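S.K.: What follows is entry.cif, mmCIF, C-alpha atoms and all ligand atoms.
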data_coords
loop_
_atom_site.label_atom_id
_atom_site.label_comp_id
_atom_site.auth_asym_id
_atom_site.auth_seq_id
_atom_site.Cartn_x
_atom_site.Cartn_y
_atom_site.Cartn_z
CA MET A 462 19.76 -17.28 29.86
CA GLU A 463 22.39 -14.88 31.17
CA LYS A 464 21.33 -11.51 32.52
CA THR A 465 23.65 -9.58 30.21
CA THR A 466 22.31 -11.40 27.16
CA LEU A 467 18.75 -10.51 28.10
CA TYR A 468 19.81 -6.92 28.83
CA ASN A 469 21.43 -6.59 25.42
CA TYR A 470 18.49 -8.25 23.74
CA ILE A 471 16.09 -5.73 25.27
CA LEU A 472 18.26 -2.82 24.15
CA GLY A 473 18.28 -4.19 20.61
CA ILE A 474 14.51 -3.84 20.53
CA ALA A 475 14.10 -0.65 22.56
CA ASP A 476 16.80 1.42 20.87
CA ASN A 477 15.01 1.14 17.52
CA ASN A 478 11.93 2.67 19.11
CA LEU A 479 13.85 5.39 20.92
CA ILE A 480 15.83 6.57 17.92
CA LEU A 481 12.91 6.45 15.48
CA GLY A 482 10.74 8.22 18.06
CA GLN A 483 13.42 10.90 18.40
CA ARG A 484 13.51 11.37 14.61
CA LEU A 485 9.72 11.74 14.51
CA GLY A 486 9.86 14.07 17.49
CA GLU A 487 12.15 16.39 15.52
CA LEU A 488 9.23 16.92 13.15
CA CYS A 489 6.88 18.14 15.88
CA GLY A 490 5.53 21.45 14.59
CA HIS A 491 7.17 20.92 11.18
CA GLY A 492 4.83 18.36 9.60
CA PRO A 493 3.47 19.15 6.13
CA ASN A 494 0.03 19.79 7.62
CA LEU A 495 -1.57 19.71 11.02
CA GLU A 496 -3.05 16.19 10.69
CA THR A 497 0.16 14.48 9.64
CA ASP A 498 2.14 16.47 12.17
CA ILE A 499 -0.13 15.19 14.93
CA ALA A 500 -0.09 11.66 13.54
CA LEU A 501 3.71 11.49 13.44
CA THR A 502 4.09 12.81 16.97
CA ASN A 503 1.41 10.40 18.17
CA ILE A 504 3.39 7.55 16.66
CA ALA A 505 6.52 8.93 18.35
CA LEU A 506 4.64 8.91 21.64
CA ASP A 507 3.64 5.27 21.21
CA LEU A 508 7.24 4.38 20.42
CA PHE A 509 8.54 6.25 23.48
CA GLY A 510 5.93 4.56 25.65
CA GLN A 511 7.05 1.15 24.47
CA THR A 512 10.68 2.18 24.93
CA ARG A 513 10.00 3.17 28.53
CA SER A 514 8.58 -0.26 29.31
CA TYR A 515 11.63 -1.94 27.75
CA TYR A 516 14.13 0.37 29.46
CA GLN A 517 12.48 -0.02 32.86
CA TYR A 518 12.99 -3.73 32.45
CA ALA A 519 16.57 -3.28 31.20
CA ALA A 520 17.43 -1.04 34.16
CA LYS A 521 16.41 -3.85 36.52
CA LEU A 522 19.01 -6.08 34.87
CA SER A 523 21.84 -3.58 34.58
CA ALA A 524 24.57 -3.17 37.16
CA ILE A 525 25.47 0.28 35.82
CA TYR A 526 22.25 2.01 34.83
CA LYS A 527 19.71 2.23 37.63
CA THR A 528 16.73 3.86 35.92
CA GLU A 529 15.05 4.02 32.51
CA ASP A 530 16.44 7.55 32.09
CA ASP A 531 20.00 6.35 32.75
CA VAL A 532 19.59 3.74 30.03
CA ALA A 533 18.19 6.28 27.59
CA TYR A 534 20.53 9.17 28.28
CA LEU A 535 23.85 7.96 29.64
CA ARG A 536 25.10 5.34 27.21
CA LYS A 537 27.83 5.93 24.66
CA GLU A 538 27.16 5.63 20.94
CA ARG A 539 28.66 2.15 20.68
CA GLU A 540 26.22 0.87 23.33
CA TYR A 541 23.15 1.74 21.22
CA LYS A 542 22.00 -1.28 19.25
CA ASN A 543 19.44 0.24 16.89
CA VAL A 544 19.44 -0.59 13.19
CA LEU A 545 20.83 1.99 10.75
CA LEU A 546 17.42 2.48 9.12
CA VAL A 547 15.87 4.35 12.06
CA GLU A 548 18.73 6.83 12.50
CA GLN A 549 18.57 8.14 8.93
CA PRO A 550 17.79 11.87 9.04
CA ASN A 551 14.49 13.47 8.07
CA THR A 552 14.58 15.01 4.64
CA HIS A 553 11.23 15.32 2.85
CA PHE A 554 7.89 13.91 3.96
CA GLY A 555 8.05 11.02 1.48
CA PHE A 556 11.34 9.96 3.00
CA VAL A 557 9.90 10.07 6.52
CA ILE A 558 6.97 7.93 5.37
CA ALA A 559 9.20 5.42 3.55
CA ARG A 560 11.47 5.03 6.59
CA GLN A 561 8.42 4.61 8.82
CA TYR A 562 6.77 2.08 6.55
CA LEU A 563 9.91 -0.04 6.11
CA PHE A 564 10.24 -0.13 9.88
CA ASP A 565 6.54 -0.60 10.72
CA VAL A 566 6.17 -3.74 8.61
CA PHE A 567 9.15 -5.25 10.40
CA ASN A 568 8.03 -4.03 13.81
CA TYR A 569 4.57 -5.54 13.37
CA LEU A 570 5.95 -8.97 12.41
CA PHE A 571 8.45 -8.73 15.26
CA VAL A 572 6.07 -7.87 18.12
CA GLU A 573 3.59 -10.39 16.77
CA LYS A 574 6.15 -13.11 17.48
CA LEU A 575 7.50 -11.51 20.67
CA GLN A 576 4.04 -11.95 22.21
CA HIS A 577 4.90 -15.64 22.51
CA SER A 578 8.22 -15.06 24.28
CA LYS A 579 8.78 -17.18 27.37
CA ASP A 580 9.80 -13.98 29.12
CA GLU A 581 6.60 -12.65 30.71
CA THR A 582 7.60 -9.00 30.69
CA LEU A 583 8.62 -8.98 27.03
CA SER A 584 5.47 -10.84 26.12
CA ALA A 585 3.32 -8.30 28.01
CA ILE A 586 5.03 -5.33 26.35
CA ALA A 587 4.58 -6.96 22.93
CA LYS A 588 0.88 -7.65 23.52
CA LYS A 589 0.40 -3.99 24.29
CA ALA A 590 2.62 -2.78 21.45
CA ILE A 591 1.05 -4.82 18.66
CA LYS A 592 -2.24 -2.96 18.91
CA GLU A 593 -0.42 0.33 18.50
CA VAL A 594 1.95 -0.82 15.78
CA SER A 595 -0.94 -2.06 13.63
CA TYR A 596 -2.22 1.54 13.48
CA HIS A 597 1.27 2.82 12.63
CA LYS A 598 1.57 0.38 9.76
CA ARG A 599 -1.82 1.29 8.42
CA PHE A 600 -0.93 4.99 8.52
CA SER A 601 2.47 4.70 6.82
CA GLY A 602 1.26 2.08 4.32
CA ASP A 603 -1.65 4.31 3.24
CA TRP A 604 0.72 7.21 2.72
CA VAL A 605 3.18 5.11 0.71
CA LYS A 606 0.34 4.28 -1.68
CA ARG A 607 -1.09 7.80 -1.72
CA LEU A 608 2.27 9.39 -2.51
CA GLY A 609 3.28 6.64 -4.92
CA VAL A 610 0.25 7.11 -7.14
CA GLY A 611 -0.22 10.80 -6.30
CA THR A 612 1.53 13.18 -8.66
CA GLU A 613 4.59 12.75 -10.81
CA GLU A 614 6.62 14.64 -8.22
CA SER A 615 5.33 12.69 -5.21
CA ASN A 616 5.98 9.43 -7.06
CA GLN A 617 9.51 10.51 -7.93
CA LYS A 618 10.28 11.59 -4.35
CA MET A 619 8.84 8.38 -2.98
CA GLN A 620 10.94 6.34 -5.38
CA GLU A 621 14.08 8.27 -4.37
CA ALA A 622 13.29 7.53 -0.74
CA ILE A 623 12.85 3.80 -1.39
CA ASP A 624 16.05 3.73 -3.44
CA GLY A 625 17.94 5.48 -0.66
CA LEU A 626 16.58 3.42 2.22
CA TRP A 627 16.48 -0.03 0.67
CA GLN A 628 20.11 -0.70 1.61
CA TYR A 629 19.12 -0.65 5.29
CA THR A 630 16.31 -3.21 5.11
CA ASN A 631 18.39 -6.36 5.26
CA GLU A 632 19.92 -5.43 8.61
CA LEU A 633 16.48 -5.75 10.24
CA PHE A 634 16.87 -9.53 9.89
CA GLU A 635 20.52 -9.86 10.86
CA MET A 636 20.89 -12.42 13.64
CA THR A 637 23.55 -11.33 16.14
CA GLU A 638 24.99 -13.61 18.78
CA VAL A 639 22.57 -12.07 21.27
CA ASP A 640 19.66 -12.87 18.93
CA ASP A 641 20.84 -16.46 18.55
CA LEU A 642 21.18 -16.98 22.30
CA SER A 643 17.79 -15.40 22.96
CA VAL A 644 16.06 -17.58 20.38
CA ARG A 645 17.67 -20.65 21.90
CA GLY A 646 16.48 -19.53 25.34
CA GLY A 647 12.88 -19.33 24.05
CA ILE A 648 12.84 -15.61 24.68
CA GLY A 649 13.84 -14.03 21.41
CA VAL A 650 12.38 -13.92 17.91
CA ASN A 651 14.02 -15.75 15.03
CA LEU A 652 14.39 -12.85 12.62
CA SER A 653 15.32 -14.96 9.63
CA GLU A 654 11.84 -16.49 9.78
CA LEU A 655 10.27 -13.06 9.28
CA LYS A 656 12.30 -12.07 6.26
CA GLU A 657 10.29 -13.71 3.50
CA THR A 658 6.95 -12.41 4.79
CA TYR A 659 8.44 -8.93 5.16
CA PHE A 660 9.79 -8.62 1.65
CA LYS A 661 6.65 -10.15 0.17
CA GLU A 662 4.37 -7.72 1.97
CA VAL A 663 6.54 -4.70 1.17
CA ALA A 664 6.78 -5.73 -2.49
CA GLU A 665 2.98 -5.94 -2.78
CA VAL A 666 2.44 -2.50 -1.32
CA LEU A 667 5.20 -0.93 -3.42
CA LYS A 668 3.70 -2.49 -6.50
CA GLU A 669 0.30 -1.04 -5.67
CA ALA A 670 2.03 2.30 -5.13
CA THR A 671 3.64 1.99 -8.60
CA LEU A 672 7.08 2.04 -7.01
CA THR A 673 9.92 -0.30 -7.84
CA ILE A 674 12.38 -2.17 -5.67
CA PRO A 675 16.01 -1.34 -6.49
CA GLU A 676 17.71 -3.94 -8.66
CA ASN A 677 21.02 -5.46 -7.56
CA PRO A 678 20.97 -3.76 -4.19
CA TYR A 679 23.87 -3.71 -1.76
CA PHE A 680 23.12 -3.75 1.93
CA GLN A 681 24.57 -1.87 4.89
CA LYS A 682 24.72 -3.13 8.43
CA GLY A 683 26.49 -2.35 11.69
CA GLY A 684 23.91 -0.66 13.90
CA LYS A 685 23.03 -3.85 15.73
CA GLN A 686 26.71 -4.18 16.66
CA GLY A 687 26.89 -0.55 17.78
CA ILE A 688 28.63 0.68 14.64
CA HIS A 689 26.47 3.55 13.45
CA THR A 690 26.31 5.99 10.56
CA GLU A 691 27.63 9.53 11.05
CA HIS A 692 24.10 10.70 11.89
CA MET A 693 23.94 8.89 15.20
CA GLY A 694 26.33 11.23 17.03
CA TYR A 695 24.15 14.21 16.22
CA ILE A 696 21.01 12.47 17.47
CA LEU A 697 22.70 11.58 20.74
CA ALA A 698 24.09 15.10 21.15
CA ASP A 699 20.55 16.40 20.93
CA LEU A 700 19.02 13.63 23.03
CA GLN A 701 21.62 13.59 25.80
CA TYR A 702 22.47 17.28 26.01
CA ILE A 703 20.50 18.10 29.17
CA GLN A 704 21.68 15.04 31.13
CA ARG A 705 25.29 15.58 30.11
CA THR A 706 25.21 19.27 30.97
CA TYR A 707 23.24 18.99 34.21
CA PRO A 708 23.83 15.43 35.44
CA ASN A 709 20.92 13.91 37.36
CA MET A 710 18.62 16.83 36.67
CA THR A 711 14.93 15.96 36.69
CA TRP A 712 11.87 17.81 35.46
CA MET B 529 -12.11 -13.57 22.03
CA THR B 530 -10.17 -13.85 25.22
CA LEU B 531 -12.00 -13.94 28.47
CA ILE B 532 -10.73 -11.20 30.74
CA GLN B 533 -11.19 -11.54 34.45
CA GLU B 534 -13.30 -8.84 36.03
CA PRO B 535 -11.09 -6.40 37.93
CA LYS B 536 -11.04 -6.87 41.67
CA ILE B 537 -12.24 -3.57 43.08
CA GLU B 538 -13.32 -3.39 46.71
CA SER B 539 -16.65 -1.61 47.05
CA GLN B 540 -15.56 0.83 49.79
CA LEU B 541 -12.95 2.27 47.39
CA ARG B 542 -15.33 2.89 44.49
CA ASP B 543 -16.57 6.32 45.58
CA THR B 544 -13.06 7.74 45.70
CA LEU B 545 -12.06 6.06 42.44
CA GLN B 546 -15.13 7.57 40.81
CA THR B 547 -13.76 11.06 41.56
CA VAL B 548 -10.58 10.50 39.56
CA SER B 549 -11.04 11.19 35.87
CA ASP B 550 -9.15 10.90 32.64
CA PRO B 551 -7.49 14.32 32.13
CA GLU B 552 -8.01 14.05 28.35
CA ILE B 553 -11.70 13.11 28.60
CA PRO B 554 -12.72 14.61 31.96
CA VAL B 555 -16.27 13.19 31.82
CA LEU B 556 -14.85 9.66 32.15
CA SER B 557 -13.78 8.37 35.53
CA VAL B 558 -11.00 5.81 35.78
CA LEU B 559 -13.71 3.24 36.51
CA ASP B 560 -15.64 4.13 33.34
CA LEU B 561 -12.43 3.84 31.36
CA GLY B 562 -11.61 0.40 32.76
CA VAL B 563 -7.99 1.22 33.59
CA ILE B 564 -8.22 0.14 37.23
CA ARG B 565 -7.42 -3.57 37.25
CA GLU B 566 -7.33 -3.96 41.01
CA ALA B 567 -8.07 -1.82 44.04
CA ILE B 568 -7.81 -3.40 47.46
CA GLU B 569 -7.15 -2.30 51.00
CA GLU B 570 -4.64 -4.34 52.94
CA ASP B 571 -3.31 -3.50 56.42
CA GLY B 572 -4.40 0.12 56.00
CA VAL B 573 -2.74 0.49 52.59
CA VAL B 574 -4.75 1.05 49.44
CA LYS B 575 -3.15 -0.92 46.62
CA ILE B 576 -4.10 -0.01 43.08
CA LYS B 577 -3.15 -1.68 39.83
CA LEU B 578 -3.46 0.68 36.90
CA THR B 579 -3.12 -0.29 33.24
CA PRO B 580 -2.30 2.19 30.46
CA THR B 581 -4.65 2.69 27.51
CA TYR B 582 -1.69 3.29 25.16
CA SER B 583 1.99 2.64 26.05
CA GLY B 584 2.95 6.28 25.68
CA CYS B 585 -0.25 7.82 27.02
CA PRO B 586 0.85 10.93 28.97
CA ALA B 587 -2.42 10.84 30.91
CA MET B 588 -1.22 7.79 32.85
CA ASP B 589 1.30 9.72 34.97
CA VAL B 590 -1.39 12.28 35.77
CA ILE B 591 -3.93 9.58 36.63
CA GLY B 592 -1.39 7.91 38.92
CA ASP B 593 -0.76 11.22 40.72
CA ASP B 594 -4.47 11.99 40.96
CA LEU B 595 -5.18 8.57 42.47
CA ARG B 596 -2.47 9.14 45.08
CA LYS B 597 -3.86 12.60 45.89
CA ALA B 598 -7.46 11.39 46.09
CA PHE B 599 -6.67 8.64 48.61
CA THR B 600 -4.11 10.69 50.55
CA ALA B 601 -6.82 13.33 51.04
CA LYS B 602 -8.90 10.59 52.71
CA GLY B 603 -6.02 9.91 55.06
CA LYS B 604 -5.01 6.70 53.34
CA ILE B 605 -1.61 5.37 52.42
CA VAL B 606 -1.70 4.44 48.77
CA GLU B 607 0.45 2.44 46.35
CA VAL B 608 -0.11 2.63 42.60
CA ASP B 609 1.45 0.04 40.32
CA LEU B 610 1.41 0.14 36.54
CA VAL B 611 0.61 -3.23 34.99
CA LEU B 612 0.79 -4.02 31.26
CA SER B 613 -0.79 -7.43 31.11
CA PRO B 614 -3.49 -8.14 30.10
CA ALA B 615 -3.39 -5.23 27.68
CA TRP B 616 -6.19 -2.69 27.90
CA SER B 617 -8.99 -2.91 25.35
CA THR B 618 -11.77 -0.50 24.39
CA ASP B 619 -14.13 -3.32 25.43
CA TRP B 620 -13.30 -2.39 29.00
CA ILE B 621 -14.95 1.03 28.75
CA SER B 622 -18.27 0.69 30.56
CA GLU B 623 -21.57 1.24 28.74
CA GLU B 624 -22.12 4.25 30.99
CA GLY B 625 -18.68 5.50 29.99
CA LEU B 626 -19.50 5.13 26.30
CA LYS B 627 -22.69 7.15 26.75
CA LYS B 628 -20.82 9.91 28.60
CA MET B 629 -18.21 9.90 25.86
CA GLU B 630 -20.84 10.37 23.16
CA ALA B 631 -22.56 13.14 25.11
CA TYR B 632 -19.14 14.81 25.37
CA GLY B 633 -18.82 14.79 21.57
CA ILE B 634 -16.59 11.77 20.94
CA ALA B 635 -17.91 8.95 18.76
CA ARG B 636 -17.73 5.54 20.45
CA PRO B 637 -15.43 2.78 19.20
CA LEU B 638 -16.91 0.37 16.63
CA SER B 639 -16.21 -3.37 16.61
CA GLU B 640 -12.80 -4.44 15.37
CA THR B 641 -13.82 -5.24 11.77
CA LYS B 642 -16.09 -2.22 11.43
CA ASP B 643 -13.33 -0.02 12.86
CA LYS B 644 -10.96 -1.23 10.16
CA ASP B 645 -13.52 -0.57 7.42
CA ALA B 646 -14.24 2.89 8.79
CA LEU B 647 -10.57 3.86 9.06
CA LEU B 648 -9.77 2.53 5.61
CA GLY B 649 -12.68 4.53 4.24
CA ASN B 650 -14.38 1.40 2.88
CA GLN B 651 -17.64 2.10 4.63
CA LYS B 652 -19.32 5.02 6.34
CA LEU B 653 -19.98 3.67 9.81
CA VAL B 654 -18.88 6.30 12.31
CA LYS B 655 -21.82 8.24 13.67
CA CYS B 656 -21.55 12.00 14.15
CA PRO B 657 -22.04 12.74 17.86
CA GLN B 658 -23.74 16.06 17.00
CA CYS B 659 -26.43 15.03 14.48
CA GLU B 660 -26.14 11.21 14.48
CA SER B 661 -25.55 11.07 10.73
CA THR B 662 -23.23 8.33 9.48
CA HIS B 663 -22.50 10.50 6.46
CA THR B 664 -19.02 11.19 7.82
CA HIS B 665 -15.47 10.85 6.56
CA LEU B 666 -12.04 10.24 8.05
CA VAL B 667 -9.78 13.30 8.18
CA SER B 668 -6.84 11.73 9.99
CA GLN B 669 -6.13 8.37 11.59
CA PHE B 670 -4.61 10.15 14.55
CA GLY B 671 -6.64 12.84 16.30
CA SER B 672 -5.93 15.01 19.32
CA THR B 673 -4.49 11.97 21.12
CA ALA B 674 -3.21 8.55 20.00
CA CYS B 675 -6.47 6.87 21.05
CA LYS B 676 -8.62 8.96 18.73
CA ALA B 677 -9.04 9.53 14.99
CA LEU B 678 -10.32 12.76 13.48
CA PHE B 679 -13.57 12.65 11.49
CA LYS B 680 -15.80 15.23 9.86
CA CYS B 681 -19.54 15.11 9.43
CA ASP B 682 -20.70 15.77 5.85
CA ASP B 683 -24.19 16.72 7.01
CA CYS B 684 -23.66 19.16 9.87
CA GLN B 685 -20.03 19.88 8.82
CA GLU B 686 -18.72 19.48 12.39
CA PRO B 687 -15.32 17.88 12.90
CA PHE B 688 -15.22 15.36 15.76
CA ASP B 689 -13.05 12.76 17.45
CA TYR B 690 -13.69 9.05 17.06
CA PHE B 691 -12.36 6.77 19.81
CA LYS B 692 -10.50 4.03 17.92
CA CYS B 693 -11.14 0.39 18.66
CA LEU B 694 -8.25 -1.20 20.51
CA LYS B 695 -8.34 -4.97 20.93
ZN ZN A 801 -23.16 15.77 12.06
#
Turn the structure described in the file into structure tokens.
Ligand SMILES: [Zn+2]

M.R.:
Amino acid sequence: MEKTTLYNYILGIADNNLILGQRLGELCGHGPNLETDIALTNIALDLFGQTRSYYQYAAKLSAIYKTEDDVAYLRKEREYKNVLLVEQPNTHFGFVIARQYLFDVFNYLFVEKLQHSKDETLSAIAKKAIKEVSYHKRFSGDWVKRLGVGTEESNQKMQEAIDGLWQYTNELFEMTEVDDLSVRGGIGVNLSELKETYFKEVAEVLKEATLTIPENPYFQKGGKQGIHTEHMGYILADLQYIQRTYPNMTW
Amino acid sequence: MTLIQEPKIESQLRDTLQTVSDPEIPVLSVLDLGVIREAIEEDGVVKIKLTPTYSGCPAMDVIGDDLRKAFTAKGKIVEVDLVLSPAWSTDWISEEGLKKMEAYGIARPLSETKDKDALLGNQKLVKCPQCESTHTHLVSQFGSTACKALFKCDDCQEPFDYFKCLK
């Protein structure tokens, strides 16, 4: 497989973690209570840790970006390959939980398969990540249920969140050219094979949470091709500010 | 169950390794924690392979620095490499390490299935490190660090950390 294909494939995985981690990081000190605040930032930390492993690998393959920090901080918006779901801004806690849950179920199924990648580095990162992601999924899944059956207000907010985020779920399974090539090379995960399991699992949990799946949904995509929602620019402004203002500065 | 090879640690390096501890749980040395996967001396260079407990564990950078300092102080040249595979497991914490952990006030990890039951609140299995009662309940799945969950004892009322099972 070509180096650039592998590089782009890695970014497709890592950027989801980086951007979702950044969103969770924004909540540090603003969680609804101390325990959930700590939990969300702990999850962010896991996601950043996984991102670092992916970016270190990507930097080895890139002719332009020499270090993990270059990959994280110096790319332009169009070069970020994360799905639209993870860049959606924090509103209320139920929304944060719904976004997390819809991603965690996917992420678990994804790293489960990535463990068997022919690429040794990706396989090693996935074997490490799956243990962490299983805790994330348990946390967000529990909260989906708790809020769904909680009070009338929590149920209503949770339902709003699901209604608002559902349009971004299909993109998780979009197979880009890079995905196709990586699957053929024995390195990547065939996302279309995960789709049925994903929607079945999510449907069961939503049902238990007395939440409903939107009828006749329409789906958005574009993130995986680098075409993002208007929120992405703001995230990058925040994320890249220091490196753009003081190039090459280190802590 | 996967069989994990015993780490290759040369005996003359053990004393120095024993002095380096986990900054989050200072009673545990890196050997107790099982994060040293190899430590050998080759042509005057100490080569260490370190594996992270969790991908994003901030303690790893500190441990890497502390290892470098500890061996540099002994006049050695030292190289520390981070390795991800095989992934660290709570099974790698030594029995001595688990005892130190409990004495420090952190409940030891249960087996994988019991861990799941305890964290889902299905069964009361986590033992309070203060009074040894299992009459405890989960407060939060994530405690002071990613590797721990927060519990509270219903008998002595003390909150405590439980080291989650990672396999
Ligand atoms: Zn007690």

S.K.: Just the residues within 8 Å of Trp627 (chain A), please, counting all atoms listed in the file, with nothing from its chain fewer than 2 positions along; format it as a PyMOL selection string.

M.R.: chain A and resi 623-625+629-630+674-675+678+680

S.K.: Only C-alpha atoms, please: the residues just picked out, written as a PDB file, in the coordinates of the input.

M.R.:
ATOM      1  CA  ILE A 623      12.850   3.800  -1.390  1.00  0.00           C
ATOM      2  CA  ASP A 624      16.050   3.730  -3.440  1.00  0.00           C
ATOM      3  CA  GLY A 625      17.940   5.480  -0.660  1.00  0.00           C
ATOM      4  CA  TYR A 629      19.120  -0.650   5.290  1.00  0.00           C
ATOM      5  CA  THR A 630      16.310  -3.210   5.110  1.00  0.00           C
ATOM      6  CA  ILE A 674      12.380  -2.170  -5.670  1.00  0.00           C
ATOM      7  CA  PRO A 675      16.010  -1.340  -6.490  1.00  0.00           C
ATOM      8  CA  PRO A 678      20.970  -3.760  -4.190  1.00  0.00           C
ATOM      9  CA  PHE A 680      23.120  -3.750   1.930  1.00  0.00           C
TER      10      PHE A 680
END

S.K.: Pick out the chain A residues within 12 Å of chain B. Count only C-alpha atoms. Give them as JSON, numbers by chain.

M.R.: {"A": [478, 479, 482, 494, 495, 496, 497, 498, 499, 500, 501, 502, 503, 504, 505, 506, 507, 508, 509, 510, 511, 512, 513, 514, 515, 517, 576, 581, 582, 583, 584, 585, 586, 587, 588, 589, 590, 591, 592, 593, 594, 595, 596, 597, 598, 599, 600, 601, 602, 603, 604]}

S.K.: Find the residues near ligand ZN 801 (chain A). Use a cut-off of 12 Å, count all atoms listed in the file, and write them as a JSON list (two decimals) with C-alpha atoms, in the frame of the given file.

M.R.:
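The result, written out as part-v3.json:
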[["chain", "number", "residue", "atom", "x", "y", "z"],
["B", 633, "GLY", "CA", -18.82, 14.79, 21.57],
["B", 634, "ILE", "CA", -16.59, 11.77, 20.94],
["B", 635, "ALA", "CA", -17.91, 8.95, 18.76],
["B", 654, "VAL", "CA", -18.88, 6.30, 12.31],
["B", 655, "LYS", "CA", -21.82, 8.24, 13.67],
["B", 656, "CYS", "CA", -21.55, 12.00, 14.15],
["B", 657, "PRO", "CA", -22.04, 12.74, 17.86],
["B", 658, "GLN", "CA", -23.74, 16.06, 17.00],
["B", 659, "CYS", "CA", -26.43, 15.03, 14.48],
["B", 660, "GLU", "CA", -26.14, 11.21, 14.48],
["B", 661, "SER", "CA", -25.55, 11.07, 10.73],
["B", 662, "THR", "CA", -23.23, 8.33, 9.48],
["B", 663, "HIS", "CA", -22.50, 10.50, 6.46],
["B", 664, "THR", "CA", -19.02, 11.19, 7.82],
["B", 665, "HIS", "CA", -15.47, 10.85, 6.56],
["B", 679, "PHE", "CA", -13.57, 12.65, 11.49],
["B", 680, "LYS", "CA", -15.80, 15.23, 9.86],
["B", 681, "CYS", "CA", -19.54, 15.11, 9.43],
["B", 682, "ASP", "CA", -20.70, 15.77, 5.85],
["B", 683, "ASP", "CA", -24.19, 16.72, 7.01],
["B", 684, "CYS", "CA", -23.66, 19.16, 9.87],
["B", 685, "GLN", "CA", -20.03, 19.88, 8.82],
["B", 686, "GLU", "CA", -18.72, 19.48, 12.39],
["B", 687, "PRO", "CA", -15.32, 17.88, 12.90],
["B", 688, "PHE", "CA", -15.22, 15.36, 15.76],
["B", 689, "ASP", "CA", -13.05, 12.76, 17.45]]

S.K.: What is the CA of Glu534 (chain B)-CA of Arg565 (chain B) distance in Å, reported with one decimal?

M.R.: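 Answer for the CA of Glu534 (chain B) to CA of Arg565 (chain B) separation: 8.0 Å.
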
S.K.: So the first atom is CA of Ser557 (chain B) and the second is CA of Glu640 (chain B); what is the distance between them in Å, to one decimal place?

M.R.: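 It comes out at 23.9 Å.
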
S.K.: Could you jot down the CA of Thr528 (chain A) to CA of Asn469 (chain A) separation for me, Å, one decimal place?

M.R.: 15.5 Å

S.K.: Between B:Thr579, B:Gln540, B:Ser549, B:Thr618, which one has atoms that come closest to Ile591 (chain B), using all atoms listed in the file?

M.R.: B:Ser549

S.K.: Need to verify the contact set: Glu662 (chain A), 12 Å, only C-alpha atoms, exclusion of same-chain residues closer than 4 positions in sequence. Can you return it as a ChimeraX atom specification?

M.R.: /A:562-563,565-567,569-570,598,602,655-658,666-669

S.K.: Hey, which of A:Arg484, A:Arg645, A:Lys685, A:Arg705 ends up closest to Thr552 (chain A)? Count all atoms listed in the file.

M.R.: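 Going through A:Arg484, A:Arg645, A:Lys685, A:Arg705 one by one, the smallest distance to Thr552 (chain A) is for A:Arg484.
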